[in-house]
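To start, the structure itself, in structure tokens.
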2 protein chains.
Amino acid sequence: MPKSGARLKDVAELTGFSVNTVSLALRDSPRIPDDTRDRIKAAADQLNYLPNQVAKSLVSRETRAIGLILTDMQNPILTNVAQSVERKLAARGYTTLFATSNNNQEEEVRMIDAFRARRADGMLIFPFRHGDLDHIRRLRNNNYPVVLLVGDLDAGIDAVSMDERAGASKATGHLLATGHRRIALIDGGSALGNPEKMDGYRSAHQAAGIPVCDELLINPAGHSVETGYWAMDLLVKSRHDFSAVFATNDSLALGIIRYCKKHAIKVPEDLSVVGFDNTEFGAFAETALTTVSYDVERITSLAVDRVLDLIAHKTGLPDPRIIQLEPDLLVRESSAKAASAQ
Amino acid sequence: MPKSGARLKDVAELTGFSVNTVSLALRDSPRIPDDTRDRIKAAADQLNYLPNQVAKSLVSRETRAIGLILTDMQNPILTNVAQSVERKLAARGYTTLFATSNNNQEEEVRMIDAFRARRADGMLIFPFRHGDLDHIRRLRNNNYPVVLLVGDLDAGIDAVSMDERAGASKATGHLLATGHRRIALIDGGSALGNPEKMDGYRSAHQAAGIPVCDELLINPAGHSVETGYWAMDLLVKSRHDFSAVFATNDSLALGIIRYCKKHAIKVPEDLSVVGFDNTEFGAFAETALTTVSYDVERITSLAVDRVLDLIAHKTGLPDPRIIQLEPDLLVRESSAKAASAQ
DNA sequence: CCCGGTTGTATTAACGTTCGCCCTGAGACA
DNA sequence: TGTCTCAGGGCGAACGTTAATACAACCGGG
């Protein structure tokens, strides 16, 4: 801490009151007469006094800080969530501590411990592996307020999220309904233990009575636009037939469209492309992206409310509540009827 | 703080040693014999002890936390910077406190105070108004380590940034050199007191001996893709002639291209578009964007080094150092020779 | 056998706040 | 005059840690 600035003690010495009186005055205690309060406040201003939140936290045993753990900040939807969370927390007087696990389980654990050491009052987490939550459950069992931002219905941990399974199912269903029969899936999640979107993809096929072809399941080497581009390259070079691609986020989908442009594949005439998350870059892409909505405002609003609510429960956490929001399919320009169905 | 977990005292009681011995042992003091140390560490593990960083900060007078203030998290280049800063700081044992000013001077001041109250050891700031830095200079004069992420050569504050003026000049110069004579500028910065890019635009014109037409200067209502779209709408409806547009960030440029697509303006045949920042979304856009580079890695690396360096100066800050990196122009598909010059 | 130096551990005070309780003086009231 | 009440304010402890110092036991050397 740089030259720590003025302390209560300094204000006390300047005004001649005791530290205690100064503290009370600055917090507008009714026990302090108006003119005393005004004199003290004037002195505090003069010294540019700012209460030391560290000392305050030590005695009050709360930091008014919430940890937010993201898997990655390249994904615009995550940064939108981060911004929204930060603003909502700031409005309630909380600071956001923020870390990225960089899609790495060990980092995630390390970050959680770092926040715990800093005594963050609670945490909001995008877990890296949705199915591997023991470390987080342990937190909760220790009475630590945690809210996940992906839903695992039986993890026993509070969560607020979009229903990714339903969203993927809707997206796939849309393609099937428009006559596509061989739909590639570009999904980095399932290999990492996050099967929700692939589940939705499969269930839509099943509901339509159409088999899934495993050779159309591609695992990109990441979640970025560029990895989408190269995943498409892989897919095309595998020489399997397909008329549509469902990518599990908008960035991947945009990379796919870029690939198509470079290789003279027309979207949507030759190939339909569907993304996920409804980012601005997809909505205003040259070929506007068909995608699945992500309700940033509602998610963050519910999640922030929930974690603050958990914090307010001084004596033991209530039973976990899992909220899954139903996403909408947004049909735009990147998908169309299959040629064979026209 | 949720049920605060085990304290030094608890470990002490469990092992029979004093609090002080436990503290020493856990920090591997040479004064503690090996078997004592091991017994104490085992007990600490058993209790799931984690040192209370709040108490530690109070006595050590350092928090090992750095505040990062962004203007806005929708801009991918800022989130890239944020991620990079966070990772570099984490590697050095620092936590990132993070806030967005949401392009609002009052918020910026509020956030700075919040970080100051939390005794962040230093701050990295993207100031909202590059020319209005009194509140930040005051910090520095108070011996607070601050590094700006935009460069103001004579603010008297440390800074690391791209040379935006030079970048804008290169971009404009490229358009002029390829025969464009009426180049629109879509720039939200100059109206807010950040004139660097417009300065570069003007100086390139001057160097080429070509006058700037004020009717081609458009102020978009933000920095997003959508605001780029609507700024273009405004520009087109103004019915002035132009053959190129320089937008001050990639998002705006992408919005412009979307507009063109929808209104049958061919890019680059009918219109050249140049962006700024070199985001992935521009690089892999359907029409790959000509843009100006932003060296995230170098900027964050220099900025983090610098702020840590300032923190290490216990006795007074050294003279400010301003580093401006020279950006490169990346010519891609969205710009081409002016039709009249072909 | 005493002295000085190790070695291992304990005691105490700080860091800047807040909280609970106590003290003092003045006026009200019997 | 003595007692009570209340307003205004002070004192000391606590939060969990670290740093400085103190102490106690042991050891070897003269």
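Identifiers in this document derive from the order of the structure tokens: chains are assigned A, B, ..., residues are numbered from 1 separately in each chain, and ligands are numbered from 1 in order of occurrence.
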*Return as number ranges by chain the residues belonging to chain B that are within 7 Å of chain D, counting only C-alpha atoms (C1' of nucleotides).*
B: 52, 55-56, 59
Write the residues you've just listed into a file as a PDB file, in the first residue's frame, and include all heavy atoms for each of them.
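Heads up, here's the output in out.pdb:
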```
ATOM      1  N   ASN B  52      -5.135 -15.770   5.956  1.00  0.00           N
ATOM      2  CA  ASN B  52      -6.075 -14.685   5.718  1.00  0.00           C
ATOM      3  C   ASN B  52      -5.341 -13.492   5.115  1.00  0.00           C
ATOM      4  O   ASN B  52      -4.637 -12.756   5.787  1.00  0.00           O
ATOM      5  CB  ASN B  52      -6.737 -14.294   7.033  1.00  0.00           C
ATOM      6  CG  ASN B  52      -7.797 -13.250   6.835  1.00  0.00           C
ATOM      7  OD1 ASN B  52      -7.695 -12.416   5.938  1.00  0.00           O
ATOM      8  ND2 ASN B  52      -8.825 -13.287   7.644  1.00  0.00           N
ATOM      9  N   ALA B  55      -5.839  -9.940   6.757  1.00  0.00           N
ATOM     10  CA  ALA B  55      -5.023  -9.633   7.941  1.00  0.00           C
ATOM     11  C   ALA B  55      -3.568  -9.403   7.531  1.00  0.00           C
ATOM     12  O   ALA B  55      -2.904  -8.483   8.014  1.00  0.00           O
ATOM     13  CB  ALA B  55      -5.113 -10.780   8.936  1.00  0.00           C
ATOM     14  N   LYS B  56      -3.123 -10.250   6.630  1.00  0.00           N
ATOM     15  CA  LYS B  56      -1.765 -10.132   6.139  1.00  0.00           C
ATOM     16  C   LYS B  56      -1.526  -8.746   5.534  1.00  0.00           C
ATOM     17  O   LYS B  56      -0.507  -8.114   5.791  1.00  0.00           O
ATOM     18  CB  LYS B  56      -1.579 -11.195   5.047  1.00  0.00           C
ATOM     19  CG  LYS B  56      -0.269 -11.905   5.040  1.00  0.00           C
ATOM     20  CD  LYS B  56      -0.469 -13.236   4.341  1.00  0.00           C
ATOM     21  CE  LYS B  56       0.763 -13.783   3.702  1.00  0.00           C
ATOM     22  NZ  LYS B  56       0.530 -15.183   3.258  1.00  0.00           N
ATOM     23  N   VAL B  59      -1.079  -5.865   8.051  1.00  0.00           N
ATOM     24  CA  VAL B  59       0.223  -5.675   8.680  1.00  0.00           C
ATOM     25  C   VAL B  59       1.329  -5.400   7.658  1.00  0.00           C
ATOM     26  O   VAL B  59       2.201  -4.562   7.916  1.00  0.00           O
ATOM     27  CB  VAL B  59       0.570  -6.845   9.627  1.00  0.00           C
ATOM     28  CG1 VAL B  59       0.007  -8.152   9.132  1.00  0.00           C
ATOM     29  CG2 VAL B  59       2.052  -6.969   9.836  1.00  0.00           C
TER      30      VAL B  59
END
```
*Could you pull the residues within 10 Å of Gly5 (chain B), counting only C-alpha atoms (C1' of nucleotides), minus those fewer than 6 positions along the same chain, as JSON, numbers by chain?*
{"A": [116, 117, 119, 142, 143, 144], "B": [47, 48, 49, 50, 51, 52]}
*Please identify which residues in region 190-292 of chain B DSSP calls helix (DSSP H, G or I) from the backbone, and express them as a ChimeraX atom specification.*
/B:190-192,196-208,214-216,225-237,250-262,280-283
Could you produce a table of the residues of chain C lying within 10 Å of chain A, with the nearest pair of atoms per residue and their separation in Å rounded to one decimal, using only C-alpha atoms (C1' of nucleotides), ordered by chain and increasing residue number, as CSV?
```
residue,atom,partner,partner_atom,distance
C:DC15,C1',A:Ala55,CA,8.0
C:DG16,C1',A:Ala55,CA,5.1
C:DT17,C1',A:Lys56,CA,5.0
C:DT18,C1',A:Val59,CA,6.5
C:DC19,C1',A:Val59,CA,9.5
```
*Hey, which of B:Val296, B:Ile186, B:Ala264, B:Val212 ends up closest to Thr227 (chain B)? Count only C-alpha atoms.*
B:Ile186
*Could you write out as a PyMOL selection string the residues of chain B within 7 Å of chain A, counting only C-alpha atoms?*
chain B and resi 1-2+50-55+58+61-63+73-74+79-80+83+86+96-99+117-121+143-144+225+255+257-258+261+280+284-286
Take the selection from the previous step and output its residues with N, CA, C and O atoms, as a compact mmCIF listing (two decimals), in the first residue's frame.
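What follows is the written file part-v4.txt:
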```txt
# COMPACT_ATOMS: atom_id res chain seq x y z
N MET B 1 -17.15 -12.53 5.08
CA MET B 1 -16.36 -13.75 4.98
C MET B 1 -17.11 -14.91 5.59
O MET B 1 -17.49 -14.88 6.75
N PRO B 2 -17.31 -15.92 4.80
CA PRO B 2 -18.13 -17.03 5.23
C PRO B 2 -17.44 -17.91 6.24
O PRO B 2 -16.53 -18.64 5.91
N LEU B 50 -6.03 -21.69 5.25
CA LEU B 50 -5.52 -20.78 4.22
C LEU B 50 -5.26 -19.45 4.90
O LEU B 50 -6.14 -18.91 5.54
N PRO B 51 -4.07 -18.91 4.74
CA PRO B 51 -3.77 -17.63 5.40
C PRO B 51 -4.76 -16.55 5.02
O PRO B 51 -5.19 -16.47 3.88
N ASN B 52 -5.14 -15.77 5.96
CA ASN B 52 -6.08 -14.68 5.72
C ASN B 52 -5.34 -13.49 5.11
O ASN B 52 -4.64 -12.76 5.79
N GLN B 53 -5.56 -13.33 3.85
CA GLN B 53 -4.86 -12.30 3.10
C GLN B 53 -5.23 -10.90 3.59
O GLN B 53 -4.44 -9.97 3.46
N VAL B 54 -6.40 -10.78 4.15
CA VAL B 54 -6.84 -9.47 4.63
C VAL B 54 -5.98 -9.04 5.83
O VAL B 54 -5.44 -7.93 5.86
N ALA B 55 -5.84 -9.94 6.76
CA ALA B 55 -5.02 -9.63 7.94
C ALA B 55 -3.57 -9.40 7.53
O ALA B 55 -2.90 -8.48 8.01
N LEU B 58 -3.07 -6.06 6.11
CA LEU B 58 -3.13 -4.99 7.11
C LEU B 58 -1.75 -4.78 7.72
O LEU B 58 -1.30 -3.64 7.85
N ARG B 61 1.03 -3.99 4.84
CA ARG B 61 0.72 -2.77 4.11
C ARG B 61 0.86 -2.95 2.61
O ARG B 61 1.23 -2.01 1.90
N GLU B 62 0.65 -4.13 2.16
CA GLU B 62 0.51 -4.33 0.71
C GLU B 62 -0.53 -5.41 0.48
O GLU B 62 -0.66 -6.36 1.26
N THR B 63 -1.30 -5.23 -0.60
CA THR B 63 -2.40 -6.17 -0.83
C THR B 63 -2.08 -7.17 -1.93
O THR B 63 -2.81 -8.13 -2.12
N MET B 73 -16.24 -3.06 -21.72
CA MET B 73 -15.75 -4.41 -22.01
C MET B 73 -16.30 -4.99 -23.31
O MET B 73 -16.08 -6.16 -23.59
N GLN B 74 -17.03 -4.19 -24.07
CA GLN B 74 -17.54 -4.74 -25.32
C GLN B 74 -16.45 -4.78 -26.37
O GLN B 74 -16.51 -5.55 -27.31
N THR B 79 -10.77 -6.33 -23.82
CA THR B 79 -10.86 -7.56 -23.04
C THR B 79 -9.63 -8.42 -23.27
O THR B 79 -9.19 -9.13 -22.37
N ASN B 80 -9.05 -8.35 -24.45
CA ASN B 80 -7.79 -9.06 -24.66
C ASN B 80 -6.72 -8.50 -23.72
O ASN B 80 -5.97 -9.26 -23.11
N GLN B 83 -7.47 -9.72 -20.18
CA GLN B 83 -7.08 -11.11 -19.96
C GLN B 83 -5.57 -11.25 -19.84
O GLN B 83 -5.06 -11.93 -18.95
N GLU B 86 -4.38 -9.79 -16.55
CA GLU B 86 -4.74 -10.65 -15.44
C GLU B 86 -3.81 -11.85 -15.35
O GLU B 86 -3.35 -12.23 -14.27
N THR B 96 -6.08 -9.34 -9.79
CA THR B 96 -6.55 -8.18 -10.53
C THR B 96 -7.92 -7.75 -10.02
O THR B 96 -8.85 -8.54 -9.98
N LEU B 97 -7.99 -6.52 -9.62
CA LEU B 97 -9.28 -5.92 -9.27
C LEU B 97 -9.74 -5.24 -10.53
O LEU B 97 -8.95 -4.56 -11.18
N PHE B 98 -10.99 -5.35 -10.86
CA PHE B 98 -11.30 -4.88 -12.18
C PHE B 98 -12.62 -4.15 -12.21
O PHE B 98 -13.53 -4.46 -11.46
N ALA B 99 -12.66 -3.09 -12.99
CA ALA B 99 -13.85 -2.26 -13.04
C ALA B 99 -13.97 -1.60 -14.39
O ALA B 99 -12.97 -1.41 -15.08
N ALA B 117 -9.45 2.72 -1.68
CA ALA B 117 -9.94 2.29 -0.37
C ALA B 117 -9.53 0.85 -0.09
O ALA B 117 -9.24 0.48 1.03
N ARG B 118 -9.51 0.05 -1.13
CA ARG B 118 -9.09 -1.34 -0.95
C ARG B 118 -7.58 -1.47 -0.92
O ARG B 118 -7.06 -2.56 -0.86
N ARG B 119 -6.90 -0.37 -1.03
CA ARG B 119 -5.45 -0.36 -0.94
C ARG B 119 -4.79 -1.22 -2.01
O ARG B 119 -3.84 -1.96 -1.72
N ALA B 120 -5.35 -1.17 -3.22
CA ALA B 120 -4.66 -1.82 -4.34
C ALA B 120 -3.25 -1.26 -4.40
O ALA B 120 -3.04 -0.06 -4.21
N ASP B 121 -2.28 -2.11 -4.66
CA ASP B 121 -0.89 -1.66 -4.64
C ASP B 121 -0.58 -0.73 -5.82
O ASP B 121 0.41 0.01 -5.76
N ASN B 143 2.06 9.66 -4.64
CA ASN B 143 2.95 8.51 -4.62
C ASN B 143 2.28 7.19 -4.92
O ASN B 143 2.75 6.12 -4.51
N TYR B 144 1.17 7.25 -5.60
CA TYR B 144 0.45 6.04 -5.93
C TYR B 144 0.92 5.55 -7.29
O TYR B 144 0.88 6.30 -8.27
N VAL B 225 -20.34 -2.58 -32.85
CA VAL B 225 -20.63 -2.92 -34.23
C VAL B 225 -21.92 -2.22 -34.67
O VAL B 225 -21.99 -1.60 -35.73
N GLY B 255 -19.35 -3.07 -38.49
CA GLY B 255 -20.72 -2.59 -38.63
C GLY B 255 -20.93 -1.88 -39.96
O GLY B 255 -21.98 -2.00 -40.59
N ILE B 257 -19.29 -2.51 -42.71
CA ILE B 257 -19.30 -3.52 -43.76
C ILE B 257 -20.66 -4.23 -43.82
O ILE B 257 -21.19 -4.51 -44.89
N ARG B 258 -21.20 -4.46 -42.66
CA ARG B 258 -22.53 -5.07 -42.63
C ARG B 258 -23.55 -4.16 -43.33
O ARG B 258 -24.38 -4.62 -44.10
N LYS B 261 -23.14 -4.45 -47.04
CA LYS B 261 -23.69 -5.70 -47.54
C LYS B 261 -25.21 -5.57 -47.72
O LYS B 261 -25.79 -5.95 -48.74
N GLU B 280 -9.53 -10.33 -33.78
CA GLU B 280 -9.73 -11.58 -34.49
C GLU B 280 -10.98 -11.52 -35.37
O GLU B 280 -11.02 -12.10 -36.45
N PHE B 284 -10.74 -12.40 -39.38
CA PHE B 284 -11.47 -13.52 -39.96
C PHE B 284 -12.88 -13.15 -40.37
O PHE B 284 -13.76 -13.99 -40.38
N ALA B 285 -13.07 -11.89 -40.66
CA ALA B 285 -14.39 -11.49 -41.17
C ALA B 285 -14.52 -12.02 -42.60
O ALA B 285 -13.53 -12.31 -43.25
N GLU B 286 -15.73 -12.11 -43.05
CA GLU B 286 -15.98 -12.61 -44.39
C GLU B 286 -15.15 -11.80 -45.39
O GLU B 286 -14.52 -12.36 -46.29
```
*Got a sec to tell me which of region 54-245 of chain B DSSP assigns to strand (DSSP E), as a ChimeraX atom specification?*
/B:65-70,95-100,122-125,146-148,159-162,183-186,217-218,244-245
*Could you give me, as a VMD selection string, the residues within 9 Å of Leu124 (chain B), counting only C-alpha atoms (C1' of nucleotides) and dropping anything in the same chain fewer than 2 positions from it?*
chain B and resid 66 to 70 122 126 145 to 149 303 to 304 307
Using only C-alpha atoms (C1' of nucleotides), which residues sit within 9 Å of Ala339 (chain A) once same-chain residues fewer than 6 positions away are excluded, as an mmCIF file with N, CA, C and O atoms, in the first residue's frame?
```cif
data_model
loop_
_atom_site.group_PDB
_atom_site.id
_atom_site.type_symbol
_atom_site.label_atom_id
_atom_site.label_comp_id
_atom_site.auth_asym_id
_atom_site.auth_seq_id
_atom_site.Cartn_x
_atom_site.Cartn_y
_atom_site.Cartn_z
ATOM 1 N N GLY A 179 -34.790 -29.562 -43.711
ATOM 2 C CA GLY A 179 -34.412 -30.553 -44.711
ATOM 3 C C GLY A 179 -32.981 -31.052 -44.645
ATOM 4 O O GLY A 179 -32.592 -31.917 -45.437
ATOM 5 N N HIS A 180 -32.205 -30.543 -43.718
ATOM 6 C CA HIS A 180 -30.818 -31.018 -43.624
ATOM 7 C C HIS A 180 -30.801 -32.396 -42.978
ATOM 8 O O HIS A 180 -31.522 -32.653 -42.020
ATOM 9 N N SER A 243 -24.532 -30.826 -45.247
ATOM 10 C CA SER A 243 -25.142 -29.628 -45.817
ATOM 11 C C SER A 243 -25.342 -28.532 -44.780
ATOM 12 O O SER A 243 -25.842 -27.459 -45.085
ATOM 13 N N GLU A 269 -26.507 -20.908 -49.271
ATOM 14 C CA GLU A 269 -26.961 -21.741 -50.391
ATOM 15 C C GLU A 269 -26.327 -23.140 -50.373
ATOM 16 O O GLU A 269 -27.014 -24.149 -50.524
ATOM 17 N N ASP A 270 -24.995 -23.174 -50.221
ATOM 18 C CA ASP A 270 -24.325 -24.474 -50.231
ATOM 19 C C ASP A 270 -24.263 -25.093 -48.843
ATOM 20 O O ASP A 270 -24.158 -26.304 -48.693
ATOM 21 N N LEU A 271 -24.238 -24.231 -47.876
ATOM 22 C CA LEU A 271 -24.047 -24.726 -46.507
ATOM 23 C C LEU A 271 -24.774 -23.807 -45.535
ATOM 24 O O LEU A 271 -24.637 -22.580 -45.598
#
```
*Have a look at CA of Pro127 (chain B) and CA of Asp295 (chain B) and let me know their distance in Å, one decimal.*
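Pair CA of Pro127 (chain B) / CA of Asp295 (chain B) returns 18.7 Å.
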*Which residue gives the smallest distance to Leu329 (chain A) among A:Arg306, A:Arg39, A:Arg239, A:His174, with only C-alpha atoms counted?*
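That would be A:His174, the residue with the smallest distance to Leu329 (chain A).
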*Can you work out the spacing between CA of Ile265 (chain B) and CA of Leu330 (chain B) in Å, to one decimal?*
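Computing the Euclidean distance for CA of Ile265 (chain B) and CA of Leu330 (chain B) yields 22.5 Å.
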*asked:* Env of Ala43 (chain A): 7 Å cut, atoms = only C-alpha atoms (C1' of nucleotides), seq-sep filter 2 positions within chain, self excluded. Answer as a ChimeraX atom specification.
replied: /A:11,14-15,39-41,45-47
Write to file, as a PDB file, in the first residue's frame, the residues of the selection just made, with C-alpha atoms.
```pdb
ATOM      1  CA  VAL A  11      -8.255  13.040  11.436  1.00  0.00           C
ATOM      2  CA  LEU A  14      -6.351  17.265  13.514  1.00  0.00           C
ATOM      3  CA  THR A  15      -9.746  17.771  15.119  1.00  0.00           C
ATOM      4  CA  ARG A  39     -16.068  19.680  11.540  1.00  0.00           C
ATOM      5  CA  ILE A  40     -14.808  16.121  11.414  1.00  0.00           C
ATOM      6  CA  LYS A  41     -15.933  15.613   7.862  1.00  0.00           C
ATOM      7  CA  ASP A  45     -11.812  15.901   3.311  1.00  0.00           C
ATOM      8  CA  GLN A  46      -8.877  18.143   3.898  1.00  0.00           C
ATOM      9  CA  LEU A  47      -6.654  15.125   4.570  1.00  0.00           C
TER      10      LEU A  47
END
```
*In Å to one decimal, how far is CA of Asp277 (chain A) from CA of Pro268 (chain B)?*
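For CA of Pro268 (chain B) relative to CA of Asp277 (chain A), the distance reads 29.6 Å.
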